[in-house]
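Contents: one structure, followed by commentary.
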Amino acid sequence: MLQIRSFTKKYGEKCAVDNLSLSIAPGEICAFIGHNGAGKTTTLKACVGLIDFDGGDILINGMSIKERPLECKLILSYLPDNPDLYDFLTGEKFLNFIADVYGVGTEERRARIADLAERFSLTKDLSQPIGSYSHGMKQKLAIISAWLHSPRLILMDEPFVGLDPKASFTLKEMMREHCAGGGAILFSTHVLDVAEKICDKVAIIKNGKLVITGPMDEVRGNESLEEVFLELEGDGE
């Protein structure tokens, strides 16, 4: 579903991500772990076509994000770490705008919006301007918009930030359902216990280089994911 091949991104003289290769198969949830500035957000943005890169290629369902960006974007969704929403729109109008962008039919969008809003206890708030929403409510709306067009690949940057316990549980359920249906997810997070519980796979990046990747149980071994991460972070320091 997602193949990152020797991905390299530079900002001037600084190499933000260096020769990173990673693949996510249908049905897999992969956690992308690393310290602040390690290269996680840069990688995610490149995967969804928001930034260009200097080396390698990124394939979405076998298609290059560089060569066929529109076709790739139709089958993926991206939840950034700080979603920019339109405060002057109501939640309902925003979701209908997203549905229009992706060509979601009237009946399908109505059913999906109703279902997802109910799951996140946001139904009664959809008629209100987004500018009146709390941070957590905006995060819920952004998650709903990411799921709205039934993407095959979902990429998320710190999706659990700002969510209350019930919404976090709902998101974890939705992630499992998505992958059980043949979808794939790559998401960055600092909440390592969540990653440990729901992910099939983990990739740890340090200073722009992928230091370890593989099935969660193999990477973790007899330790916790937190212990593995802290050991890798301490190597060479």
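Chain labels follow the order of the structure tokens: the first chain is A, the next B, and so on; residue numbering restarts at 1 in every chain, and ligands are counted from 1 in their shown order.
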
Name the residues of stretch 103-231 of chain A that come out as alpha helix (DSSP H) in a backbone DSSP run; write them as a ChimeraX atom specification.
/A:106-119,135-147,165-180,192-198,216-220,225-231

Produce a file of the selected residues containing C-alpha atoms, as a PDB file, in the first residue's frame.
```pdb
ATOM      1  CA  THR A 106     -24.968  12.723  -1.464  1.00  0.00           C
ATOM      2  CA  GLU A 107     -26.379   9.616   0.216  1.00  0.00           C
ATOM      3  CA  GLU A 108     -22.981   8.166   1.073  1.00  0.00           C
ATOM      4  CA  ARG A 109     -21.713  11.394   2.619  1.00  0.00           C
ATOM      5  CA  ARG A 110     -24.891  11.864   4.622  1.00  0.00           C
ATOM      6  CA  ALA A 111     -24.619   8.386   6.080  1.00  0.00           C
ATOM      7  CA  ARG A 112     -20.896   8.621   6.784  1.00  0.00           C
ATOM      8  CA  ILE A 113     -21.096  12.069   8.379  1.00  0.00           C
ATOM      9  CA  ALA A 114     -23.968  10.930  10.592  1.00  0.00           C
ATOM     10  CA  ASP A 115     -22.141   7.762  11.659  1.00  0.00           C
ATOM     11  CA  LEU A 116     -18.755   9.368  12.314  1.00  0.00           C
ATOM     12  CA  ALA A 117     -20.200  12.412  14.091  1.00  0.00           C
ATOM     13  CA  GLU A 118     -22.219  10.124  16.342  1.00  0.00           C
ATOM     14  CA  ARG A 119     -19.148   8.071  17.193  1.00  0.00           C
ATOM     15  CA  HIS A 135      -9.164  22.132  20.359  1.00  0.00           C
ATOM     16  CA  GLY A 136     -10.454  18.622  21.008  1.00  0.00           C
ATOM     17  CA  MET A 137     -13.591  19.207  18.949  1.00  0.00           C
ATOM     18  CA  LYS A 138     -11.500  20.495  16.040  1.00  0.00           C
ATOM     19  CA  GLN A 139      -9.336  17.391  16.250  1.00  0.00           C
ATOM     20  CA  LYS A 140     -12.440  15.173  16.127  1.00  0.00           C
ATOM     21  CA  LEU A 141     -13.737  17.067  13.078  1.00  0.00           C
ATOM     22  CA  ALA A 142     -10.379  16.707  11.339  1.00  0.00           C
ATOM     23  CA  ILE A 143     -10.395  12.953  12.003  1.00  0.00           C
ATOM     24  CA  ILE A 144     -13.916  12.650  10.592  1.00  0.00           C
ATOM     25  CA  SER A 145     -12.816  14.540   7.468  1.00  0.00           C
ATOM     26  CA  ALA A 146      -9.859  12.168   7.047  1.00  0.00           C
ATOM     27  CA  TRP A 147     -12.152   9.114   7.116  1.00  0.00           C
ATOM     28  CA  PRO A 165     -10.287   9.269  26.636  1.00  0.00           C
ATOM     29  CA  LYS A 166     -13.570   8.359  24.910  1.00  0.00           C
ATOM     30  CA  ALA A 167     -12.502   9.938  21.612  1.00  0.00           C
ATOM     31  CA  SER A 168      -9.094   8.236  21.852  1.00  0.00           C
ATOM     32  CA  PHE A 169     -10.830   4.885  22.307  1.00  0.00           C
ATOM     33  CA  THR A 170     -13.086   5.612  19.316  1.00  0.00           C
ATOM     34  CA  LEU A 171     -10.114   6.498  17.121  1.00  0.00           C
ATOM     35  CA  LYS A 172      -8.301   3.301  18.083  1.00  0.00           C
ATOM     36  CA  GLU A 173     -11.422   1.307  17.202  1.00  0.00           C
ATOM     37  CA  MET A 174     -11.683   3.050  13.839  1.00  0.00           C
ATOM     38  CA  MET A 175      -8.015   2.377  13.085  1.00  0.00           C
ATOM     39  CA  ARG A 176      -8.460  -1.328  13.756  1.00  0.00           C
ATOM     40  CA  GLU A 177     -11.638  -1.453  11.650  1.00  0.00           C
ATOM     41  CA  HIS A 178      -9.940   0.357   8.777  1.00  0.00           C
ATOM     42  CA  CYS A 179      -7.069  -2.121   8.646  1.00  0.00           C
ATOM     43  CA  ALA A 180      -9.320  -5.136   9.187  1.00  0.00           C
ATOM     44  CA  LEU A 192       4.163   4.811  23.087  1.00  0.00           C
ATOM     45  CA  ASP A 193       1.794   2.679  25.153  1.00  0.00           C
ATOM     46  CA  VAL A 194      -0.968   3.316  22.607  1.00  0.00           C
ATOM     47  CA  ALA A 195       1.352   2.419  19.742  1.00  0.00           C
ATOM     48  CA  GLU A 196       2.397  -0.745  21.535  1.00  0.00           C
ATOM     49  CA  LYS A 197      -1.199  -1.900  21.974  1.00  0.00           C
ATOM     50  CA  ILE A 198      -2.670  -1.226  18.531  1.00  0.00           C
ATOM     51  CA  MET A 216       5.955  -4.774  16.953  1.00  0.00           C
ATOM     52  CA  ASP A 217       6.542  -8.038  18.834  1.00  0.00           C
ATOM     53  CA  GLU A 218       9.969  -8.543  17.234  1.00  0.00           C
ATOM     54  CA  VAL A 219      11.154  -4.972  17.789  1.00  0.00           C
ATOM     55  CA  ARG A 220       9.906  -4.927  21.367  1.00  0.00           C
ATOM     56  CA  LEU A 225       8.379  -0.125  23.384  1.00  0.00           C
ATOM     57  CA  GLU A 226       9.333   2.773  25.649  1.00  0.00           C
ATOM     58  CA  GLU A 227      12.427   0.899  26.878  1.00  0.00           C
ATOM     59  CA  VAL A 228      13.466   0.019  23.323  1.00  0.00           C
ATOM     60  CA  PHE A 229      13.001   3.612  22.185  1.00  0.00           C
ATOM     61  CA  LEU A 230      14.992   5.073  25.071  1.00  0.00           C
ATOM     62  CA  GLU A 231      17.821   2.594  24.505  1.00  0.00           C
TER      63      GLU A 231
END
```

I want to know what sits within 8 Å of stretch 22-30 of chain A, based on only C-alpha atoms, with residues of the same chain fewer than 5 positions away left out; could you give that as an mmCIF file with C-alpha atoms, in the first residue's frame?
```cif
data_model
loop_
_atom_site.group_PDB
_atom_site.id
_atom_site.type_symbol
_atom_site.label_atom_id
_atom_site.label_comp_id
_atom_site.auth_asym_id
_atom_site.auth_seq_id
_atom_site.Cartn_x
_atom_site.Cartn_y
_atom_site.Cartn_z
ATOM 1 C CA MET A 1 0.000 0.000 0.000
ATOM 2 C CA LEU A 2 2.833 2.390 0.895
ATOM 3 C CA GLN A 3 6.417 1.982 -0.254
ATOM 4 C CA ILE A 4 9.032 4.542 0.708
ATOM 5 C CA ARG A 5 12.182 3.864 -1.273
ATOM 6 C CA MET A 175 -8.015 2.377 13.085
ATOM 7 C CA ARG A 176 -8.460 -1.328 13.756
ATOM 8 C CA HIS A 178 -9.940 0.357 8.777
ATOM 9 C CA CYS A 179 -7.069 -2.121 8.646
ATOM 10 C CA ALA A 180 -9.320 -5.136 9.187
ATOM 11 C CA GLY A 181 -11.044 -4.038 5.973
ATOM 12 C CA GLY A 182 -7.762 -4.051 4.036
ATOM 13 C CA GLY A 183 -6.674 -0.463 4.600
ATOM 14 C CA ALA A 184 -3.295 0.668 5.941
ATOM 15 C CA ILE A 185 -2.219 3.308 8.458
ATOM 16 C CA LEU A 186 1.074 5.044 9.215
ATOM 17 C CA PHE A 187 1.002 7.470 12.123
ATOM 18 C CA ILE A 198 -2.670 -1.226 18.531
ATOM 19 C CA CYS A 199 0.194 -1.472 16.031
ATOM 20 C CA ASP A 200 1.335 -4.465 14.008
ATOM 21 C CA LYS A 201 4.537 -2.713 13.012
ATOM 22 C CA VAL A 202 6.842 0.022 14.277
ATOM 23 C CA ALA A 203 9.494 2.206 12.657
ATOM 24 C CA THR A 213 11.675 -1.309 11.771
#
```

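The coordinates place atom CA of A:Leu148 at 27.8 Å from atom CA of A:Gly39.
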
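We find atom CA of A:Ser6 and atom CA of A:Thr43 to be spaced 11.4 Å apart.
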
Report as a Markdown table the residues of stretch 85-195 of chain A within 10 Å of stretch 44-52 of chain A, each with its shortest atom pair and distance in Å (one decimal), using only C-alpha atoms, ordered by chain and increasing residue number.
```
| residue | atom | partner | partner_atom | distance |
| --- | --- | --- | --- | --- |
| A:Ile154 | CA | A:Val48 | CA | 9.6 |
| A:Leu155 | CA | A:Leu44 | CA | 6.9 |
| A:Met156 | CA | A:Leu44 | CA | 7.8 |
| A:Asp157 | CA | A:Leu44 | CA | 7.5 |
| A:Leu186 | CA | A:Leu44 | CA | 8.5 |
| A:Phe187 | CA | A:Leu44 | CA | 8.4 |
| A:Ser188 | CA | A:Leu44 | CA | 8.6 |
```

Expected file: the selected residues, C-alpha atoms, as a compact mmCIF listing (two decimals), in the first residue's frame:
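Contents of again-v2.txt, freshly written:
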```
# COMPACT_ATOMS: atom_id res chain seq x y z
CA ILE A 154 -4.35 6.98 6.13
CA LEU A 155 -1.35 8.96 7.38
CA MET A 156 -1.60 10.84 10.67
CA ASP A 157 0.77 13.07 12.62
CA LEU A 186 1.07 5.04 9.21
CA PHE A 187 1.00 7.47 12.12
CA SER A 188 3.50 9.30 14.28
```

Given only C-alpha atoms as the basis, pick out the residue of A:Glu71, A:Asp54, A:Asp81, A:Asp18 nearest to A:Glu158.
A:Asp81
